[in-house]
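Text of the file work32.cif, holding mmCIF, C-alpha atoms:
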data_upload
loop_
_atom_site.label_atom_id
_atom_site.label_comp_id
_atom_site.auth_asym_id
_atom_site.auth_seq_id
_atom_site.Cartn_x
_atom_site.Cartn_y
_atom_site.Cartn_z
CA ALA A 1 133.71 219.38 89.20
CA ASP A 2 131.01 221.93 89.90
CA ASP A 3 132.52 225.39 90.20
CA ILE A 4 130.73 228.63 91.12
CA ARG A 5 132.85 230.39 88.48
CA ASP A 6 130.73 228.57 85.90
CA PHE A 7 127.63 230.45 87.07
CA GLN A 8 127.01 233.81 85.42
CA ILE A 9 124.83 236.82 86.16
CA GLU A 10 124.53 239.23 83.24
CA GLY A 11 127.64 237.62 81.73
CA MET A 12 129.72 238.06 84.91
CA SER A 13 131.29 235.30 86.99
CA ILE A 14 133.24 235.09 90.22
CA GLY A 15 136.91 235.68 89.38
CA ASP A 16 136.20 238.01 86.44
CA SER A 17 137.52 241.55 86.63
CA ALA A 18 134.77 244.10 87.29
CA LEU A 19 136.79 246.32 84.91
CA ASN A 20 135.57 244.12 82.04
CA PHE A 21 132.07 245.47 82.70
CA PHE A 22 132.45 248.90 84.33
CA SER A 23 135.13 251.58 84.31
CA LYS A 24 137.29 252.08 87.39
CA LYS A 25 135.76 255.56 87.70
CA ILE A 26 132.19 254.15 87.85
CA LEU A 27 133.18 251.41 90.33
CA ILE A 28 134.84 253.89 92.69
CA LYS A 29 132.02 256.45 92.32
CA ASN A 30 129.51 253.74 93.31
CA GLU A 31 131.49 252.30 96.24
CA LYS A 32 129.51 252.18 99.48
CA ASP A 33 131.05 252.34 102.95
CA TRP A 34 128.95 249.43 104.19
CA PHE A 35 132.07 247.47 105.17
CA LYS A 36 133.83 250.37 107.01
CA GLY A 37 137.32 250.09 105.53
CA GLY A 38 137.33 246.33 105.61
CA LYS A 39 139.00 243.70 103.55
CA TYR A 40 136.32 243.97 100.84
CA SER A 41 134.78 246.85 98.91
CA ILE A 42 131.36 246.95 97.29
CA SER A 43 130.11 248.98 94.35
CA ALA A 44 126.31 249.15 94.34
CA ASP A 45 123.43 250.57 92.32
CA LEU A 46 125.18 249.63 89.10
CA GLU A 47 122.97 249.30 86.03
CA PRO A 48 123.80 246.43 83.70
CA SER A 49 124.66 247.83 80.28
CA LEU A 50 122.24 245.51 78.52
CA LYS A 51 119.50 244.95 81.10
CA LYS A 52 118.87 241.35 80.18
CA ASN A 53 117.45 239.96 83.40
CA TYR A 54 118.25 242.32 86.27
CA ASP A 55 117.71 245.98 87.12
CA SER A 56 120.66 246.60 89.45
CA LEU A 57 123.99 245.02 90.39
CA GLN A 58 126.35 245.06 93.36
CA LEU A 59 129.93 243.91 92.84
CA VAL A 60 132.33 242.89 95.61
CA TYR A 61 136.13 242.77 95.34
CA LEU A 62 139.12 242.90 97.65
CA THR A 63 139.74 246.51 98.66
CA ASN A 64 143.38 246.53 97.56
CA ASP A 65 142.90 244.55 94.33
CA GLN A 66 143.78 246.82 91.39
CA LYS A 67 142.23 244.25 89.03
CA PHE A 68 138.86 244.36 90.86
CA LYS A 69 138.46 240.56 90.67
CA LEU A 70 134.91 239.65 91.69
CA LYS A 71 134.45 237.85 95.01
CA GLY A 72 130.72 238.54 95.14
CA ILE A 73 127.97 239.49 92.69
CA GLU A 74 124.46 240.48 93.64
CA ALA A 75 121.74 241.08 91.08
CA VAL A 76 118.35 242.62 91.79
CA LYS A 77 115.14 242.46 89.78
CA PHE A 78 112.26 244.63 90.95
CA PHE A 79 108.66 243.41 91.06
CA GLN A 80 106.36 246.39 91.65
CA TYR A 81 103.36 245.02 93.60
CA ASP A 82 103.88 241.50 92.24
CA ILE A 83 105.47 239.29 94.88
CA ASP A 84 103.92 236.18 93.30
CA LYS A 85 105.95 236.78 90.13
CA CYS A 86 109.04 237.08 92.35
CA TYR A 87 108.25 233.72 93.97
CA SER A 88 107.78 232.14 90.55
CA SER A 89 111.16 233.50 89.35
CA PHE A 90 112.74 232.32 92.62
CA ASP A 91 111.59 228.72 92.01
CA GLU A 92 112.64 228.83 88.36
CA ILE A 93 116.17 230.05 89.18
CA SER A 94 116.62 227.54 92.00
CA SER A 95 115.56 224.72 89.70
CA GLN A 96 117.91 225.87 86.92
CA ILE A 97 120.89 226.04 89.28
CA GLN A 98 120.14 222.59 90.68
CA THR A 99 120.03 221.22 87.12
CA LEU A 100 123.36 222.86 86.19
CA PHE A 101 125.31 221.87 89.30
CA THR A 102 124.89 218.35 90.64
CA SER A 103 127.19 218.44 93.67
CA ILE A 104 125.61 221.44 95.43
CA SER A 105 123.68 221.16 98.66
CA VAL A 106 120.31 222.90 98.68
CA SER A 107 118.89 224.41 101.86
CA LYS A 108 115.23 224.44 102.67
CA LYS A 109 113.43 227.66 101.84
CA VAL A 110 113.20 229.85 104.92
CA ASN A 111 110.88 232.77 105.51
CA PHE A 112 111.83 235.49 107.99
CA LYS A 113 111.16 239.12 108.86
CA HIS A 114 113.53 241.65 107.25
CA SER A 115 115.66 243.31 109.94
CA TYR A 116 115.55 246.69 108.17
CA ASP A 117 111.78 247.06 108.59
CA LYS A 118 111.23 247.68 112.29
CA SER A 119 107.43 247.24 111.86
CA GLY A 120 108.07 243.53 111.21
CA LYS A 121 105.78 243.55 108.16
CA THR A 122 108.45 242.93 105.52
CA THR A 123 109.28 239.29 104.86
CA VAL A 124 112.09 237.54 103.01
CA LEU A 125 112.11 234.10 101.43
CA GLN A 126 115.64 232.67 101.14
CA GLN A 127 117.32 229.56 99.82
CA ASP A 128 121.05 228.80 99.71
CA LEU A 129 122.73 226.56 97.17
CA THR A 130 126.18 225.69 98.47
CA PHE A 131 129.08 224.23 96.53
CA PRO A 132 131.42 221.63 98.10
CA ASN A 133 134.07 224.37 98.70
CA ASN A 134 131.43 226.47 100.56
CA ASP A 135 130.96 229.06 97.80
CA THR A 136 127.25 229.92 97.74
CA VAL A 137 124.46 231.15 95.52
CA SER A 138 121.64 232.61 97.62
CA ILE A 139 118.21 233.48 96.25
CA PHE A 140 115.91 235.93 98.03
CA CYS A 141 112.43 237.37 97.49
CA GLU A 142 111.81 240.50 99.53
CA ASP A 143 108.15 241.30 100.15
CA TRP A 144 108.41 244.89 101.43
CA SER A 145 105.63 246.43 103.49
CA LYS A 146 103.85 249.40 101.90
CA GLU A 147 105.15 251.70 104.69
CA THR A 148 108.79 251.27 103.60
CA ASN A 149 108.15 252.58 100.07
CA PHE A 150 110.57 249.91 98.81
CA THR A 151 109.77 247.75 95.79
CA ASP A 152 109.47 243.98 96.14
CA ALA A 153 112.60 242.39 94.74
CA LEU A 154 114.30 239.19 93.72
CA ARG A 155 117.97 239.05 94.73
CA ILE A 156 120.57 236.57 93.60
CA SER A 157 123.86 236.65 95.52
CA ILE A 158 126.95 234.76 94.47
CA ARG A 159 129.62 234.69 97.17
CA THR A 160 132.98 233.01 97.48
CA SER A 161 133.37 231.17 100.78
CA SER A 162 135.87 233.76 102.08
CA TYR A 163 133.62 236.71 101.23
CA LYS A 164 130.58 234.90 102.67
CA LYS A 165 132.45 234.34 105.94
CA PHE A 166 133.46 238.02 106.06
CA PHE A 167 129.89 239.14 105.25
CA LEU A 168 128.28 236.91 107.89
CA ASN A 169 130.73 238.13 110.54
CA ILE A 170 129.65 241.72 109.86
CA TYR A 171 125.91 241.12 109.83
CA ASN A 172 125.51 238.43 112.51
#
Turn the structure described in the file into structure tokens.
Amino acid sequence: ADDIRDFQIEGMSIGDSALNFFSKKILIKNEKDWFKGGKYSISADLEPSLKKNYDSLQLVYLTNDQKFKLKGIEAVKFFQYDIDKCYSSFDEISSQIQTLFTSISVSKKVNFKHSYDKSGKTTVLQQDLTFPNNDTVSIFCEDWSKETNFTDALRISIRTSSYKKFFLNIYN
């Protein structure tokens, strides 16, 4: 059966220990308080040791899990002033995932304004690929407005169904 644990980003899969890739010291040093003492913790702005495909990683694990087993992985690749290359990578990744996993459901691509940019000029293209157990791989291209000084980026998020539910409850 198709299983999200078979999908890897920079050699990491859901269920792996983050300690196989980063020291406990680095993970704790890079923890963000985005979840305000919640069930999950997130370490962000992590650089993959062998930057194969992505520039930055975010790893999510249960707050009290001493093994730091991954419940979410987010990878970011920056595209300085080249949103078209982001869109091309987006389509390529979506196609590869659909080839690898036959029982996933694929959402339509949706385009929306990024909530962070109050000017309304930043747009996001998103597509979700959902496994039968509701685990999800989401692909995003962020086309940031010049005023934000942020770099356009491709984001790939892998989330277990329980982490996805927690995440959506925080941000919706």
Quiz item: So what does the PyMOL selection byres ((chain A and resi 84) around 12) actually pick up in this one, as a list of chain:residue names?
Solution: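 Selected by the PyMOL selection byres ((chain A and resi 84) around 12) in this file: A:Phe79, A:Gln80, A:Tyr81, A:Asp82, A:Ile83, A:Lys85, A:Cys86, A:Tyr87, A:Ser88, A:Ser89, A:Phe90, A:Asp91, A:Leu125, A:Cys141, A:Glu142, A:Asp143, A:Asp152, A:Ala153, A:Leu154.
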Practice problem: Could you tell me which of A:Thr122, A:Ser23, A:Ser138, A:Ser115 comes closest to Ser94 in chain A if we count all atoms listed in the file? | Solution: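 Closest to Ser94 in chain A of all the choices is A:Ser138.
When the PyMOL selection byres ((chain A and resi 134) around 12) is evaluated on the file shown here, the picked residues come out as Asp2, Asp3, Ile4, Ser103, Ile104, Ser105, Val106, Asp128, Leu129, Thr130, Phe131, Pro132, Asn133, Asp135, Thr136, Val137, Ser138, Ile158, Arg159, Thr160, Ser161, Ser162, Tyr163, Lys164 and Lys165 of chain A.
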Quiz prompt | Spatial neighbours of Lys121 in chain A, 9 Å, only C-alpha atoms, chain gap at least 6 places, as a ChimeraX atom specification | solution = /A:113-114,143-147
May I have the residues from that selection written out with C-alpha atoms, as a short mmCIF file (atom, residue, chain, number, x, y, z; two decimals), keeping the file's coordinate frame?
data_model
loop_
_atom_site.label_atom_id
_atom_site.label_comp_id
_atom_site.auth_asym_id
_atom_site.auth_seq_id
_atom_site.Cartn_x
_atom_site.Cartn_y
_atom_site.Cartn_z
CA LYS A 113 111.16 239.12 108.86
CA HIS A 114 113.53 241.65 107.25
CA ASP A 143 108.15 241.30 100.15
CA TRP A 144 108.41 244.89 101.43
CA SER A 145 105.63 246.43 103.49
CA LYS A 146 103.85 249.40 101.90
CA GLU A 147 105.15 251.70 104.69
#
List the neighbours of Ser49 in chain A out to 12 Å using all atoms listed in the file; skip same-chain residues closer than 2 positions along the sequence, and give me the result as a PDB file with C-alpha atoms, in the frame of the given file.
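Below is the file that was written, out_19.pdb:
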ATOM      1  CA  GLU A  10     124.530 239.230  83.240  1.00  0.00           C
ATOM      2  CA  GLY A  11     127.640 237.620  81.730  1.00  0.00           C
ATOM      3  CA  MET A  12     129.720 238.060  84.910  1.00  0.00           C
ATOM      4  CA  ASN A  20     135.570 244.120  82.040  1.00  0.00           C
ATOM      5  CA  PHE A  21     132.070 245.470  82.700  1.00  0.00           C
ATOM      6  CA  PHE A  22     132.450 248.900  84.330  1.00  0.00           C
ATOM      7  CA  SER A  23     135.130 251.580  84.310  1.00  0.00           C
ATOM      8  CA  LEU A  46     125.180 249.630  89.100  1.00  0.00           C
ATOM      9  CA  GLU A  47     122.970 249.300  86.030  1.00  0.00           C
ATOM     10  CA  LYS A  51     119.500 244.950  81.100  1.00  0.00           C
ATOM     11  CA  LYS A  52     118.870 241.350  80.180  1.00  0.00           C
ATOM     12  CA  ASN A  53     117.450 239.960  83.400  1.00  0.00           C
ATOM     13  CA  TYR A  54     118.250 242.320  86.270  1.00  0.00           C
ATOM     14  CA  ASP A  55     117.710 245.980  87.120  1.00  0.00           C
ATOM     15  CA  SER A  56     120.660 246.600  89.450  1.00  0.00           C
ATOM     16  CA  LEU A  57     123.990 245.020  90.390  1.00  0.00           C
TER      17      LEU A  57
END
Exercise. Measure the distance from CA of Ile139 in chain A to CA of Val76 in chain A in Å and round it to one decimal.
Key: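 Taking CA of Ile139 in chain A and CA of Val76 in chain A, their separation equals 10.2 Å.
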Quiz item: Between A:Phe35, A:Thr151, A:Val60, A:Ser41, which is the closest to Ala18 in chain A once you count all atoms listed in the file?
Solution: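 Selected residue with least distance to Ala18 in chain A: A:Val60.
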Quiz item: Which residue gives the smallest distance to Tyr40 in chain A among A:Ile156, A:Ile170, A:Phe140, A:Ser13, with all atoms listed in the file counted?
Solution: A:Ile170
Quiz item: So what do you get for CA of Ser157 in chain A versus CA of Ile97 in chain A, distance-wise?
Solution: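 A separation of 12.7 Å between them.
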Exercise. Please evaluate the PyMOL selection byres ((chain A and resi 62-65) around 9) against the structure above and give the resulting residues as a list in words.
Key: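 When the PyMOL selection byres ((chain A and resi 62-65) around 9) is applied to the shown file, the picked residues are Gly37, Gly38, Lys39, Tyr40, Ser41, Ile42, Val60, Tyr61, Gln66, Lys67, Phe68, Lys69, Leu70 and Lys71 of chain A.
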Exercise. Can you work out which one of A:Lys25, A:Gly72, A:Lys77, A:Leu100 has the shortest atom-to-atom distance to Asp6 in chain A, counting all atoms listed in the file?
Key: A:Leu100
Exercise. Report the distance between CA of Pro48 in chain A and CA of Ile9 in chain A in Å, rounded to one decimal place.
Key: 10.0 Å
Subset file: range 44-92 of chain A, N, CA and C atoms, as a short mmCIF file (atom, residue, chain, number, x, y, z; two decimals), in the first residue's frame:
data_model
loop_
_atom_site.label_atom_id
_atom_site.label_comp_id
_atom_site.auth_asym_id
_atom_site.auth_seq_id
_atom_site.Cartn_x
_atom_site.Cartn_y
_atom_site.Cartn_z
N ALA A 44 13.33 25.03 12.85
CA ALA A 44 13.30 25.65 11.52
C ALA A 44 14.66 26.22 11.16
N ASP A 45 14.75 26.67 9.92
CA ASP A 45 15.98 27.28 9.40
C ASP A 45 17.17 26.32 9.50
N LEU A 46 16.90 25.05 9.32
CA LEU A 46 17.96 24.04 9.35
C LEU A 46 18.52 23.88 7.94
N GLU A 47 19.82 23.84 7.83
CA GLU A 47 20.45 23.65 6.52
C GLU A 47 20.77 22.18 6.33
N PRO A 48 20.29 21.60 5.23
CA PRO A 48 20.67 20.20 4.96
C PRO A 48 22.18 20.09 4.86
N SER A 49 22.74 19.01 5.39
CA SER A 49 24.20 18.87 5.40
C SER A 49 24.77 18.78 3.98
N LEU A 50 24.06 18.13 3.11
CA LEU A 50 24.51 18.01 1.72
C LEU A 50 23.45 18.63 0.82
N LYS A 51 23.35 19.91 0.77
CA LYS A 51 22.30 20.59 0.00
C LYS A 51 22.11 19.97 -1.38
N LYS A 52 21.30 18.93 -1.42
CA LYS A 52 21.06 18.26 -2.69
C LYS A 52 20.00 19.02 -3.49
N ASN A 53 18.86 19.23 -2.89
CA ASN A 53 17.75 19.83 -3.61
C ASN A 53 17.14 21.06 -2.93
N TYR A 54 17.36 21.19 -1.64
CA TYR A 54 16.67 22.25 -0.88
C TYR A 54 17.66 23.10 -0.08
N ASP A 55 17.24 24.32 0.20
CA ASP A 55 18.10 25.28 0.89
C ASP A 55 17.86 25.32 2.39
N SER A 56 16.66 24.94 2.82
CA SER A 56 16.30 25.05 4.24
C SER A 56 15.27 23.98 4.59
N LEU A 57 15.31 23.54 5.84
CA LEU A 57 14.37 22.51 6.32
C LEU A 57 13.69 22.95 7.61
N GLN A 58 12.48 22.46 7.80
CA GLN A 58 11.77 22.58 9.08
C GLN A 58 11.33 21.17 9.45
N LEU A 59 11.59 20.79 10.69
CA LEU A 59 11.25 19.44 11.16
C LEU A 59 10.29 19.54 12.33
N VAL A 60 9.25 18.71 12.30
CA VAL A 60 8.22 18.72 13.33
C VAL A 60 8.20 17.37 14.03
N TYR A 61 8.09 17.43 15.36
CA TYR A 61 8.07 16.22 16.19
C TYR A 61 7.21 16.51 17.41
N LEU A 62 6.77 15.46 18.08
CA LEU A 62 6.00 15.64 19.31
C LEU A 62 6.90 16.28 20.36
N THR A 63 6.40 17.25 21.08
CA THR A 63 7.18 18.03 22.03
C THR A 63 7.88 17.15 23.07
N ASN A 64 7.22 16.13 23.55
CA ASN A 64 7.80 15.29 24.61
C ASN A 64 8.50 14.04 24.10
N ASP A 65 8.72 13.94 22.80
CA ASP A 65 9.35 12.75 22.22
C ASP A 65 10.88 12.90 22.27
N GLN A 66 11.52 12.13 23.13
CA GLN A 66 12.98 12.19 23.27
C GLN A 66 13.71 11.63 22.05
N LYS A 67 12.98 10.90 21.19
CA LYS A 67 13.59 10.35 19.98
C LYS A 67 13.41 11.29 18.79
N PHE A 68 12.62 12.36 18.95
CA PHE A 68 12.41 13.36 17.90
C PHE A 68 11.93 12.71 16.59
N LYS A 69 10.96 11.79 16.70
CA LYS A 69 10.44 11.12 15.50
C LYS A 69 9.64 12.12 14.66
N LEU A 70 9.96 12.18 13.38
CA LEU A 70 9.38 13.20 12.50
C LEU A 70 7.90 12.95 12.20
N LYS A 71 7.11 13.98 12.45
CA LYS A 71 5.68 13.99 12.14
C LYS A 71 5.39 14.94 10.98
N GLY A 72 6.37 15.80 10.69
CA GLY A 72 6.26 16.74 9.59
C GLY A 72 7.64 17.14 9.11
N ILE A 73 7.77 17.32 7.81
CA ILE A 73 9.02 17.78 7.20
C ILE A 73 8.65 18.84 6.18
N GLU A 74 9.31 19.97 6.24
CA GLU A 74 9.09 20.99 5.22
C GLU A 74 10.45 21.37 4.65
N ALA A 75 10.52 21.36 3.33
CA ALA A 75 11.75 21.73 2.63
C ALA A 75 11.48 22.96 1.78
N VAL A 76 12.46 23.85 1.72
CA VAL A 76 12.31 25.10 0.97
C VAL A 76 13.47 25.24 -0.01
N LYS A 77 13.13 25.60 -1.24
CA LYS A 77 14.13 25.95 -2.25
C LYS A 77 13.81 27.36 -2.71
N PHE A 78 14.82 28.22 -2.67
CA PHE A 78 14.63 29.62 -3.04
C PHE A 78 14.86 29.84 -4.53
N PHE A 79 14.04 30.71 -5.10
CA PHE A 79 14.14 31.08 -6.51
C PHE A 79 14.17 32.61 -6.58
N GLN A 80 15.37 33.17 -6.54
CA GLN A 80 15.53 34.63 -6.58
C GLN A 80 15.05 35.16 -7.92
N TYR A 81 13.95 35.90 -7.90
CA TYR A 81 13.39 36.54 -9.11
C TYR A 81 13.14 35.56 -10.25
N ASP A 82 12.71 34.34 -9.93
CA ASP A 82 12.47 33.35 -10.98
C ASP A 82 11.28 32.46 -10.62
N ILE A 83 10.11 33.07 -10.51
CA ILE A 83 8.93 32.31 -10.12
C ILE A 83 8.57 31.26 -11.17
N ASP A 84 8.88 31.50 -12.44
CA ASP A 84 8.58 30.52 -13.48
C ASP A 84 9.34 29.21 -13.26
N LYS A 85 10.57 29.31 -12.78
CA LYS A 85 11.35 28.10 -12.47
C LYS A 85 10.71 27.36 -11.29
N CYS A 86 10.17 28.13 -10.34
CA CYS A 86 9.45 27.53 -9.21
C CYS A 86 8.25 26.74 -9.73
N TYR A 87 7.47 27.36 -10.62
CA TYR A 87 6.28 26.69 -11.16
C TYR A 87 6.65 25.42 -11.92
N SER A 88 7.75 25.46 -12.64
CA SER A 88 8.23 24.30 -13.38
C SER A 88 8.61 23.17 -12.41
N SER A 89 9.34 23.51 -11.33
CA SER A 89 9.71 22.52 -10.31
C SER A 89 8.47 21.96 -9.63
N PHE A 90 7.50 22.82 -9.35
CA PHE A 90 6.23 22.44 -8.73
C PHE A 90 5.59 21.31 -9.56
N ASP A 91 5.44 21.55 -10.87
CA ASP A 91 4.78 20.58 -11.74
C ASP A 91 5.57 19.27 -11.81
N GLU A 92 6.88 19.38 -11.86
CA GLU A 92 7.75 18.21 -11.92
C GLU A 92 7.59 17.34 -10.66
#
